[in-house]
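target.cif (mmCIF, C-alpha atoms) appears below.
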data_input
#
loop_
_atom_site.group_PDB
_atom_site.id
_atom_site.type_symbol
_atom_site.label_atom_id
_atom_site.label_comp_id
_atom_site.auth_asym_id
_atom_site.auth_seq_id
_atom_site.Cartn_x
_atom_site.Cartn_y
_atom_site.Cartn_z
ATOM 1 C CA LYS A 1 -119.469 -84.601 51.921
ATOM 2 C CA PRO A 2 -119.868 -83.130 48.410
ATOM 3 C CA SER A 3 -120.040 -79.598 49.870
ATOM 4 C CA GLU A 4 -116.480 -80.028 51.200
ATOM 5 C CA TYR A 5 -115.054 -80.345 47.696
ATOM 6 C CA ILE A 6 -113.983 -77.278 45.704
ATOM 7 C CA SER A 7 -112.976 -77.409 42.047
ATOM 8 C CA PHE A 8 -110.937 -74.614 40.420
ATOM 9 C CA LEU A 9 -110.823 -73.767 36.708
ATOM 10 C CA ASP A 10 -108.382 -71.040 35.682
ATOM 11 C CA GLY A 11 -107.649 -69.680 32.214
ATOM 12 C CA LEU A 12 -109.724 -72.178 30.258
ATOM 13 C CA THR A 13 -111.878 -71.708 27.156
ATOM 14 C CA ILE A 14 -114.908 -74.002 27.044
ATOM 15 C CA THR A 15 -116.570 -74.034 23.642
ATOM 16 C CA GLY A 16 -118.532 -76.101 21.135
ATOM 17 C CA GLY A 17 -120.548 -78.081 23.690
ATOM 18 C CA HIS A 18 -123.925 -79.577 22.750
ATOM 19 C CA ALA A 19 -126.415 -80.928 25.296
ATOM 20 C CA ASP A 20 -129.098 -82.452 23.090
ATOM 21 C CA GLY A 21 -129.821 -85.860 24.596
ATOM 22 C CA ALA A 22 -133.024 -87.278 26.058
ATOM 23 C CA GLY A 23 -133.798 -86.163 29.602
ATOM 24 C CA MET A 24 -132.907 -83.031 31.564
ATOM 25 C CA TYR A 25 -129.392 -84.099 32.544
ATOM 26 C CA GLN A 26 -128.507 -84.923 28.959
ATOM 27 C CA SER A 27 -130.014 -81.699 27.591
ATOM 28 C CA SER A 28 -128.592 -79.135 30.046
ATOM 29 C CA GLY A 29 -125.227 -77.566 30.779
ATOM 30 C CA ALA A 30 -123.619 -77.813 27.363
ATOM 31 C CA GLY A 31 -120.448 -76.042 28.510
ATOM 32 C CA ILE A 32 -120.349 -76.970 32.205
ATOM 33 C CA PHE A 33 -122.744 -79.231 34.110
ATOM 34 C CA GLN A 34 -122.413 -78.935 37.891
ATOM 35 C CA GLY A 35 -124.920 -81.257 39.495
ATOM 36 C CA ASN A 36 -124.965 -80.982 43.291
ATOM 37 C CA THR A 37 -121.247 -81.781 43.531
ATOM 38 C CA GLY A 38 -119.849 -79.018 45.757
ATOM 39 C CA ALA A 39 -118.231 -75.684 44.902
ATOM 40 C CA LEU A 40 -116.831 -74.514 41.579
ATOM 41 C CA VAL A 41 -114.593 -71.463 41.122
ATOM 42 C CA LEU A 42 -113.959 -70.193 37.580
ATOM 43 C CA SER A 43 -111.217 -67.567 37.120
ATOM 44 C CA ASN A 44 -110.171 -65.972 33.839
ATOM 45 C CA CYS A 45 -112.320 -68.435 31.893
ATOM 46 C CA THR A 46 -114.328 -68.067 28.687
ATOM 47 C CA VAL A 47 -117.490 -70.115 28.113
ATOM 48 C CA ILE A 48 -118.477 -69.485 24.500
ATOM 49 C CA ASP A 49 -120.688 -70.928 21.746
ATOM 50 C CA ASN A 50 -122.333 -73.769 23.683
ATOM 51 C CA ASN A 51 -125.919 -74.923 23.076
ATOM 52 C CA ALA A 52 -128.321 -76.840 25.317
ATOM 53 C CA ASP A 53 -131.817 -78.005 24.427
ATOM 54 C CA ASP A 54 -133.229 -77.182 27.877
ATOM 55 C CA TYR A 55 -131.280 -75.438 30.674
ATOM 56 C CA GLY A 56 -127.958 -73.626 30.850
ATOM 57 C CA GLY A 57 -126.373 -73.304 27.437
ATOM 58 C CA GLY A 58 -123.075 -72.207 28.980
ATOM 59 C CA VAL A 59 -123.311 -73.361 32.606
ATOM 60 C CA TYR A 60 -125.834 -75.424 34.599
ATOM 61 C CA THR A 61 -125.565 -75.588 38.400
ATOM 62 C CA ASN A 62 -127.905 -77.221 40.918
ATOM 63 C CA ASN A 63 -127.647 -76.665 44.708
ATOM 64 C CA ASN A 64 -124.025 -75.559 44.575
ATOM 65 C CA LEU A 65 -121.687 -72.656 45.199
ATOM 66 C CA THR A 66 -120.485 -71.300 41.840
ATOM 67 C CA MET A 67 -118.128 -68.337 41.514
ATOM 68 C CA PHE A 68 -117.111 -66.452 38.365
ATOM 69 C CA LEU A 69 -114.107 -64.102 38.560
ATOM 70 C CA ASN A 70 -112.965 -62.201 35.477
ATOM 71 C CA CYS A 71 -114.849 -64.567 33.151
ATOM 72 C CA ARG A 72 -116.663 -64.183 29.822
ATOM 73 C CA ILE A 73 -119.938 -66.028 29.245
ATOM 74 C CA GLU A 74 -120.580 -65.431 25.559
ATOM 75 C CA HIS A 75 -122.896 -66.513 22.735
ATOM 76 C CA ASN A 76 -124.421 -69.498 24.523
ATOM 77 C CA LYS A 77 -127.984 -70.656 23.945
ATOM 78 C CA SER A 78 -130.739 -72.681 25.646
ATOM 79 C CA VAL A 79 -134.443 -72.387 26.465
ATOM 80 C CA GLN A 80 -133.842 -71.187 30.045
ATOM 81 C CA GLY A 81 -130.616 -69.552 31.196
ATOM 82 C CA GLY A 82 -128.849 -69.111 27.882
ATOM 83 C CA GLY A 83 -125.566 -68.185 29.553
ATOM 84 C CA ILE A 84 -126.034 -69.566 33.076
ATOM 85 C CA PHE A 85 -128.849 -71.568 34.710
ATOM 86 C CA ALA A 86 -128.814 -71.924 38.498
ATOM 87 C CA THR A 87 -131.340 -73.525 40.821
ATOM 88 C CA GLY A 88 -131.022 -73.449 44.603
ATOM 89 C CA SER A 89 -127.428 -72.270 44.275
ATOM 90 C CA ILE A 90 -125.186 -69.511 45.581
ATOM 91 C CA ILE A 91 -123.914 -67.602 42.545
ATOM 92 C CA SER A 92 -121.165 -64.992 42.692
ATOM 93 C CA ILE A 93 -120.192 -63.043 39.566
ATOM 94 C CA ASP A 94 -117.354 -60.528 39.831
ATOM 95 C CA GLN A 95 -115.569 -58.517 37.133
ATOM 96 C CA SER A 96 -117.151 -60.632 34.414
ATOM 97 C CA VAL A 97 -118.858 -60.103 31.061
ATOM 98 C CA ILE A 98 -122.065 -61.890 30.047
ATOM 99 C CA VAL A 99 -122.666 -61.019 26.411
ATOM 100 C CA GLY A 100 -124.706 -62.221 23.450
ATOM 101 C CA ASN A 101 -126.455 -65.149 25.147
ATOM 102 C CA GLN A 102 -129.963 -66.269 24.224
ATOM 103 C CA ALA A 103 -132.862 -68.029 25.891
ATOM 104 C CA THR A 104 -134.901 -69.035 22.884
ATOM 105 C CA THR A 105 -136.732 -71.838 21.149
ATOM 106 C CA PHE A 106 -138.883 -72.424 18.089
ATOM 107 C CA ASP A 107 -140.467 -75.531 19.650
ATOM 108 C CA PHE A 108 -142.430 -74.054 22.540
ATOM 109 C CA VAL A 109 -142.789 -76.419 25.506
ATOM 110 C CA PHE A 110 -142.335 -74.201 28.568
ATOM 111 C CA GLY A 111 -141.429 -70.608 29.363
ATOM 112 C CA VAL A 112 -138.382 -68.860 27.958
ATOM 113 C CA TYR A 113 -136.519 -67.152 30.818
ATOM 114 C CA GLY A 114 -133.154 -65.490 31.369
ATOM 115 C CA GLY A 115 -131.089 -64.857 28.254
ATOM 116 C CA GLY A 116 -127.904 -64.161 30.199
ATOM 117 C CA LEU A 117 -128.733 -65.757 33.553
ATOM 118 C CA HIS A 118 -131.614 -67.641 35.147
ATOM 119 C CA SER A 119 -131.497 -67.997 38.952
ATOM 120 C CA ASP A 120 -134.270 -69.907 40.727
ATOM 121 C CA GLY A 121 -133.935 -69.856 44.515
ATOM 122 C CA GLY A 122 -130.651 -69.494 46.377
ATOM 123 C CA THR A 123 -128.512 -66.342 46.363
ATOM 124 C CA LEU A 124 -127.206 -64.149 43.548
ATOM 125 C CA ASN A 125 -124.395 -61.605 43.989
ATOM 126 C CA ILE A 126 -123.080 -59.622 40.996
ATOM 127 C CA THR A 127 -120.350 -56.976 41.240
ATOM 128 C CA ASP A 128 -118.405 -54.864 38.721
ATOM 129 C CA SER A 129 -119.701 -56.787 35.722
ATOM 130 C CA GLU A 130 -121.361 -56.223 32.346
ATOM 131 C CA PHE A 131 -124.499 -57.731 30.784
ATOM 132 C CA ARG A 132 -124.767 -56.801 27.116
ATOM 133 C CA ASP A 133 -126.830 -57.928 24.120
ATOM 134 C CA ASN A 134 -128.530 -60.863 25.845
ATOM 135 C CA SER A 135 -132.087 -61.810 24.874
ATOM 136 C CA ALA A 136 -135.050 -64.005 25.784
ATOM 137 C CA TRP A 137 -137.704 -64.746 23.186
ATOM 138 C CA TYR A 138 -139.907 -67.421 21.664
ATOM 139 C CA GLY A 139 -141.845 -67.293 18.463
ATOM 140 C CA VAL A 140 -142.657 -68.973 15.215
ATOM 141 C CA GLY A 141 -142.738 -66.122 12.731
ATOM 142 C CA LEU A 142 -143.602 -63.407 15.256
ATOM 143 C CA ILE A 143 -142.162 -63.219 18.757
ATOM 144 C CA GLU A 144 -144.698 -64.253 21.393
ATOM 145 C CA GLN A 145 -142.991 -64.727 24.762
ATOM 146 C CA GLY A 146 -139.706 -64.259 26.651
ATOM 147 C CA THR A 147 -138.832 -62.992 30.132
ATOM 148 C CA GLY A 148 -135.631 -61.404 31.463
ATOM 149 C CA GLY A 149 -133.265 -60.573 28.612
ATOM 150 C CA ALA A 150 -130.175 -60.313 30.840
ATOM 151 C CA ILE A 151 -131.404 -61.796 34.140
ATOM 152 C CA TYR A 152 -134.442 -63.712 35.351
ATOM 153 C CA ALA A 153 -134.418 -64.212 39.146
ATOM 154 C CA LYS A 154 -137.137 -66.029 41.059
ATOM 155 C CA GLU A 155 -137.401 -66.313 44.844
ATOM 156 C CA CYS A 156 -133.721 -65.596 45.421
ATOM 157 C CA ASP A 157 -131.749 -63.032 47.399
ATOM 158 C CA THR A 158 -130.200 -60.757 44.789
ATOM 159 C CA THR A 159 -127.599 -58.024 45.148
ATOM 160 C CA ILE A 160 -126.219 -56.294 42.043
ATOM 161 C CA SER A 161 -123.598 -53.569 42.393
ATOM 162 C CA ARG A 162 -121.619 -51.426 39.947
ATOM 163 C CA THR A 163 -122.821 -53.415 36.952
ATOM 164 C CA SER A 164 -123.937 -52.233 33.522
ATOM 165 C CA PHE A 165 -126.868 -53.530 31.481
ATOM 166 C CA GLU A 166 -126.788 -52.531 27.816
ATOM 167 C CA GLU A 167 -128.845 -53.535 24.779
ATOM 168 C CA ASN A 168 -130.559 -56.520 26.370
ATOM 169 C CA SER A 169 -134.062 -57.470 25.192
ATOM 170 C CA ALA A 170 -137.101 -59.620 25.964
ATOM 171 C CA ILE A 171 -140.895 -59.473 25.842
ATOM 172 C CA SER A 172 -140.967 -58.693 29.602
ATOM 173 C CA GLY A 173 -138.052 -57.252 31.546
ATOM 174 C CA GLY A 174 -135.647 -56.349 28.773
ATOM 175 C CA ALA A 175 -132.734 -56.283 31.229
ATOM 176 C CA ILE A 176 -133.990 -57.806 34.516
ATOM 177 C CA PHE A 177 -137.152 -59.604 35.595
ATOM 178 C CA PHE A 178 -137.696 -60.356 39.295
ATOM 179 C CA ASN A 179 -140.387 -62.916 40.082
ATOM 180 C CA ASP A 180 -141.804 -63.462 43.597
ATOM 181 C CA ILE A 181 -138.996 -61.795 45.550
ATOM 182 C CA SER A 182 -140.673 -61.751 48.976
ATOM 183 C CA PHE A 183 -140.297 -59.380 51.919
ATOM 184 C CA SER A 184 -137.959 -61.915 53.563
ATOM 185 C CA GLN A 185 -135.577 -61.745 50.600
ATOM 186 C CA ILE A 186 -133.302 -59.056 49.190
ATOM 187 C CA ALA A 187 -133.504 -57.487 45.753
ATOM 188 C CA LEU A 188 -130.962 -54.671 45.755
ATOM 189 C CA ILE A 189 -129.588 -52.873 42.695
ATOM 190 C CA ASN A 190 -126.891 -50.394 43.654
ATOM 191 C CA HIS A 191 -124.842 -48.009 41.463
ATOM 192 C CA CYS A 192 -125.791 -49.777 38.219
ATOM 193 C CA SER A 193 -126.562 -48.460 34.747
ATOM 194 C CA PHE A 194 -129.339 -49.486 32.353
ATOM 195 C CA GLU A 195 -128.891 -48.192 28.804
ATOM 196 C CA ARG A 196 -130.588 -48.998 25.504
ATOM 197 C CA ASN A 197 -132.418 -52.085 26.774
ATOM 198 C CA SER A 198 -135.682 -52.893 25.019
ATOM 199 C CA ILE A 199 -138.730 -55.074 24.802
ATOM 200 C CA PHE A 200 -139.785 -56.979 21.717
ATOM 201 C CA TYR A 201 -143.296 -56.474 20.419
ATOM 202 C CA ASN A 202 -145.456 -59.547 20.605
ATOM 203 C CA MET A 203 -147.599 -61.136 17.913
ATOM 204 C CA ASN A 204 -150.285 -58.471 18.474
ATOM 205 C CA TRP A 205 -147.697 -55.733 17.892
ATOM 206 C CA THR A 206 -148.057 -54.405 21.419
ATOM 207 C CA GLY A 207 -145.401 -53.941 24.081
ATOM 208 C CA THR A 208 -145.923 -56.064 27.184
ATOM 209 C CA GLY A 209 -143.345 -55.024 29.767
ATOM 210 C CA ALA A 210 -140.569 -52.807 31.042
ATOM 211 C CA ALA A 211 -137.382 -52.405 29.066
ATOM 212 C CA ALA A 212 -134.972 -52.077 31.997
ATOM 213 C CA LEU A 213 -136.458 -53.610 35.151
ATOM 214 C CA GLN A 214 -139.706 -55.439 35.825
ATOM 215 C CA GLN A 215 -141.023 -57.304 38.842
ATOM 216 C CA ASN A 216 -143.917 -59.663 39.425
ATOM 217 C CA GLY A 217 -145.669 -60.764 42.604
ATOM 218 C CA THR A 218 -147.756 -58.926 45.207
ATOM 219 C CA SER A 219 -144.952 -59.016 47.787
ATOM 220 C CA CYS A 220 -142.123 -58.316 45.365
ATOM 221 C CA VAL A 221 -139.902 -55.435 46.537
ATOM 222 C CA THR A 222 -136.851 -54.139 44.650
ATOM 223 C CA ASN A 223 -134.522 -51.515 46.086
ATOM 224 C CA VAL A 224 -132.819 -49.353 43.442
ATOM 225 C CA VAL A 225 -130.095 -47.006 44.677
ATOM 226 C CA ASN A 226 -128.055 -44.468 42.659
ATOM 227 C CA CYS A 227 -128.684 -46.061 39.268
ATOM 228 C CA LEU A 228 -128.731 -44.622 35.744
ATOM 229 C CA PHE A 229 -131.556 -45.320 33.280
ATOM 230 C CA ALA A 230 -131.078 -43.947 29.758
ATOM 231 C CA GLY A 231 -132.381 -44.727 26.291
ATOM 232 C CA ASN A 232 -134.443 -47.770 27.257
ATOM 233 C CA ASP A 233 -137.367 -48.587 24.962
ATOM 234 C CA GLY A 234 -140.370 -50.251 26.559
ATOM 235 C CA GLU A 235 -143.899 -49.952 27.858
ATOM 236 C CA GLY A 236 -142.971 -49.465 31.507
#

If you convert what's in this file into structure tokens, what do you get?
Amino acid sequence: KPSEYISFLDGLTITGGHADGAGMYQSSGAGIFQGNTGALVLSNCTVIDNNADDYGGGVYTNNNLTMFLNCRIEHNKSVQGGGIFATGSIISIDQSVIVGNQATTFDFVFGVYGGGLHSDGGTLNITDSEFRDNSAWYGVGLIEQGTGGAIYAKECDTTISRTSFEENSAISGGAIFFNDISFSQIALINHCSFERNSIFYNMNWTGTGAAALQQNGTSCVTNVVNCLFAGNDGEG
């Protein structure tokens, strides 16, 4: 079975990838494309300067287990999940740096979500890591839309511990945006710091969301324990 297979990448630099073909599979995962093929463990790797037209500028994973240990995900770009895009997957990030990634487009087709990481369904565990200078925005002339500068997580169990979020930005949720995290799921942020995150101002020159942490959905519950919030610039 595919789930029985585990691939290991150690000490590699993955750079200069372009996913710009026709169709989702040809326009996603410019650095790494992991399509329902089992488990992938990245250790001491750098994924830098990759660009995808649609999903996952650095890494795209679908219904997999993907682990990052002591990795750098840096200066990657796509419309959703500039650094990492995951759907229905188990994602583990430990002792890693996600920096300078963008979810952006000038040719608006669908929403712009998750500059550093976009996780849709599945499970997300982040420990002892850093999210810095990631952004999510769309606009022609003036910025109009963009959600989750560092992280956008929808309908997934999420636990983030001992992780810093600095200078990330978006229209909504400058650092983190949780969408439809239900009572049956976990959204726990423990011993983390949020500093100098911000929201862009939209085309009407008004702020539209929280600079550090924002959630959406009537049943959305986020547990925040022993965290620092300092110097964030937003509406909420």

Which polymer residues, protein or nucleic acid, are no farther than 8 Å from (-129.4, -78.1, 30.0), counting only C-alpha atoms, as JSON, numbers by chain? {"A": [19, 24, 25, 26, 27, 28, 29, 30, 33, 52, 53, 54, 55, 56, 57, 60, 78]}

Rounded to one decimal, what separation in Å do you get between CA of Gly174 (chain A) and CA of Glu130 (chain A)? 14.7 Å

So that I can check the surroundings of Gly100 (chain A), please list as a count of residues only every protein, DNA and RNA residue that reaches within 12 Å of it, counting all atoms listed in the file and ignoring chain neighbours fewer than 2 positions away. 34

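Considering all atoms listed in the file, the residue among A:Ile199, A:Cys45, A:Leu69, A:Val221 positioned nearest to Ala187 (chain A) is A:Val221.
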
As an exercise, work out the distance from CA of Gly81 (chain A) to CA of Thr66 (chain A) in Å and give it to one decimal place.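 CA of Thr66 (chain A) lies at a distance of 14.8 Å from CA of Gly81 (chain A).
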
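Using all atoms listed in the file for every distance, the candidate list A:Tyr152, A:Asn101, A:Asn51, A:Ser89 yields A:Asn51 as the residue closest to Asp20 (chain A).
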
Hey, which of A:Asn63, A:Asn197, A:Asn223, A:Asn36 ends up closest to Ile181 (chain A)? Count all atoms listed in the file. A:Asn223

Report as a VMD selection string the full result of the PyMOL selection byres ((chain A and resi 6) around 6) when it is applied to this structure. chain A and resid 5 7 39 to 40

Take the residues from that selection and put them in a file with C-alpha atoms, as a PDB file, in the coordinates of the input.
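For reference, selection.pdb as written:
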ATOM      1  CA  TYR A   5    -115.054 -80.345  47.696  1.00  0.00           C
ATOM      2  CA  SER A   7    -112.976 -77.409  42.047  1.00  0.00           C
ATOM      3  CA  ALA A  39    -118.231 -75.684  44.902  1.00  0.00           C
ATOM      4  CA  LEU A  40    -116.831 -74.514  41.579  1.00  0.00           C
TER       5      LEU A  40
END

What's the 6 Å shell around region 156-160 of chain A, counting only C-alpha atoms, without same-chain residues fewer than 2 positions away, as a list in words? Gly121, Gly122, Thr123, Leu124, Asn125, Ile126, Thr127, Lys154, Gln185, Ile186, Ala187, Leu188 and Ile189 of chain A

Calculated over only C-alpha atoms, which of the candidates A:Asn179, A:Gln95, A:Leu213, A:Arg196 has the smallest distance to Thr163 (chain A)? A:Gln95
